[in-house]
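Here's the structure we're looking at; comments come further down.
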Amino acid sequence: MDDRYGSDVLAAGWRERGAKKVADVPAERDLVVEVAGDGYCGAVTRVQGGNVELEDYKGRKRVFPLGGGFLIDGEPVRLTPPAAVKQAPRRTASGSFAVADQRARVALPSRILVEGKHDAELVEKVWGADLRVEGVVVEYLEGVDKLDELLAAEPPSAKRRYGVLVDHLVAGSKETRIADAIMRGPHGAHLRIVGHPFIDVWQCVKPQVLGIARWPEIPRGTDWKTGICKAFGWPYESQGDTGRAWQHILGKVHTYRDLEPALLGRVEELIDFVTEPSAR
């Protein structure tokens, strides 16, 4: 004979028997829920400290404790913290993996020397994070013709290497003649001079980054930077004008992908040269 009341009305779980199970739902951003108590409806904008922030269609925000008391499509749910998102390894502007919580290292005796302030600013923007981790300082020369003077005052050595980045280092150029003569001199063993083929470091920025097909051709006898500013219709009459033009160009550079390969390889070569174990 069936027992319509069951075998034991006081057995554990008798209160929950037949009750509707409430689903656990992660409070992901933009999830729309209704508050069962007062009918307030909003989308999840933030979860913090055991609370969830909801924003309604009028932009009004309210905060509620996570847990039960919410409805989705009229069905009761219990909001839980969203699953932690695994962050992909962050990269620096140069494409290297970023070192988390890494303080700048004490500067090495070795240095990277560049021809001008604009060169130094470009190297800092793209490789600055890497250089600080390695402890490498970038200094500018104000021209490769001043390199001999610097080397005489502070000679390089096995523990104090210099890597030098030069503009317009092509066959037959003044820069190439100077570099060749210095490398044949007494400091060549602890020196690395490399360069790119462009007239100025401005051209190391890919023209597409500036929204142009190619850099303008500037006639011989015209100051190159002045000619570029004229060609683009920018102010050009003062040094401040060319400085502002460069800041506009530099502002378009965000990663190594914005630079010409002819520069990328040379900078990486210099970083390797001045950070070799023997240079430490």
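Here's how to read the names in the structure tokens: chain A, B, ... by the order shown, residue numbers from 1 in each chain, ligand numbers from 1 in the order shown.
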Filtered DSSP result for stretch 60-253 of chain A, state strand (DSSP E or B), as a PyMOL selection string: chain A and resi 61-65+67-72+75-80+91+97+111-114+137-140+157+160+162-166+191-195+205
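If only C-alpha atoms are the atoms counted, then among A:Asp167, A:Leu66, A:Leu71, A:Val35 the closest residue to A:Ala23 is A:Leu71.
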Near stretch 38-48 of chain A, counting only C-alpha atoms, which residues have an atom at most 8 Å away, once you skip same-chain residues fewer than 5 positions from it, shown as a CSV table (one decimal) with C-alpha atoms, in the first residue's frame?
```csv
chain,number,residue,atom,x,y,z
A,27,ALA,CA,27.9,38.7,-12.9
A,28,GLU,CA,29.7,39.4,-16.2
A,29,ARG,CA,29.8,43.0,-17.5
A,30,ASP,CA,26.6,44.0,-19.5
A,31,LEU,CA,24.5,41.2,-18.1
A,32,VAL,CA,21.0,42.5,-17.5
A,33,VAL,CA,19.2,41.5,-14.3
A,53,GLU,CA,27.0,47.6,-9.6
A,54,LEU,CA,23.9,47.9,-11.9
A,55,GLU,CA,23.1,50.7,-14.4
A,56,ASP,CA,19.6,51.3,-15.7
A,57,TYR,CA,18.6,52.7,-19.0
A,81,PRO,CA,31.7,36.8,-9.0
A,82,PRO,CA,32.8,36.5,-12.7
```
Margin query: Among stretch 139-221 of chain A, which residues does DSSP mark as helix (DSSP H, G or I) when it is run on the backbone? Keep the chain and numbering as in the structure and answer as a PyMOL selection string.
Written below: chain A and resi 144-153+174-183+188-190+201-204+207-210
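The neighbours of stretch 273-275 of chain A here are the residues that come within 10 Å of it, using only C-alpha atoms and leaving out any residue fewer than 2 positions away in the same chain; they are Leu108, Pro109, Ser110, Arg111, Ile112, Leu131, Glu134, Gly135, Val136, Ala158, Lys159, Arg160, Arg161, Tyr162, Gly163, His190, Leu191, Arg192, Val267, Glu268, Glu269, Leu270, Ile271, Pro277, Ser278, Ala279 and Arg280 of chain A.
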* To do: Skip stretch 246-259 of chain A itself and residues of its chain fewer than 5 positions away, then list as a PyMOL selection string all residues within 9 Å of it, counting only C-alpha atoms.
  => chain A and resi 92-95+118+121-122+125-127+202-210+241+264
Atom CA of A:Lys225 to atom CA of A:Pro261 measures 21.7 Å
A straight line from atom CA of A:Arg91 to atom CA of A:Gly211 spans 25.3 Å
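Here atom CA of A:Pro76 stands at a distance of 7.9 Å from atom CA of A:Ala36.
Within the 9 Å cut-off around A:Val22, using only C-alpha atoms and omitting residues fewer than 4 positions from it on the same chain, the listed residues are Gly68, Glu75, Pro76, Val77 and Arg78 of chain A.
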- [ ] For A:Leu169, please output as a PyMOL selection string all residues within 12 Å (counting only C-alpha atoms; exclusion window: fewer than 3 positions along the same chain).
- [x] chain A and resi 115+144+164-166+172-180+193-201+262-263+266
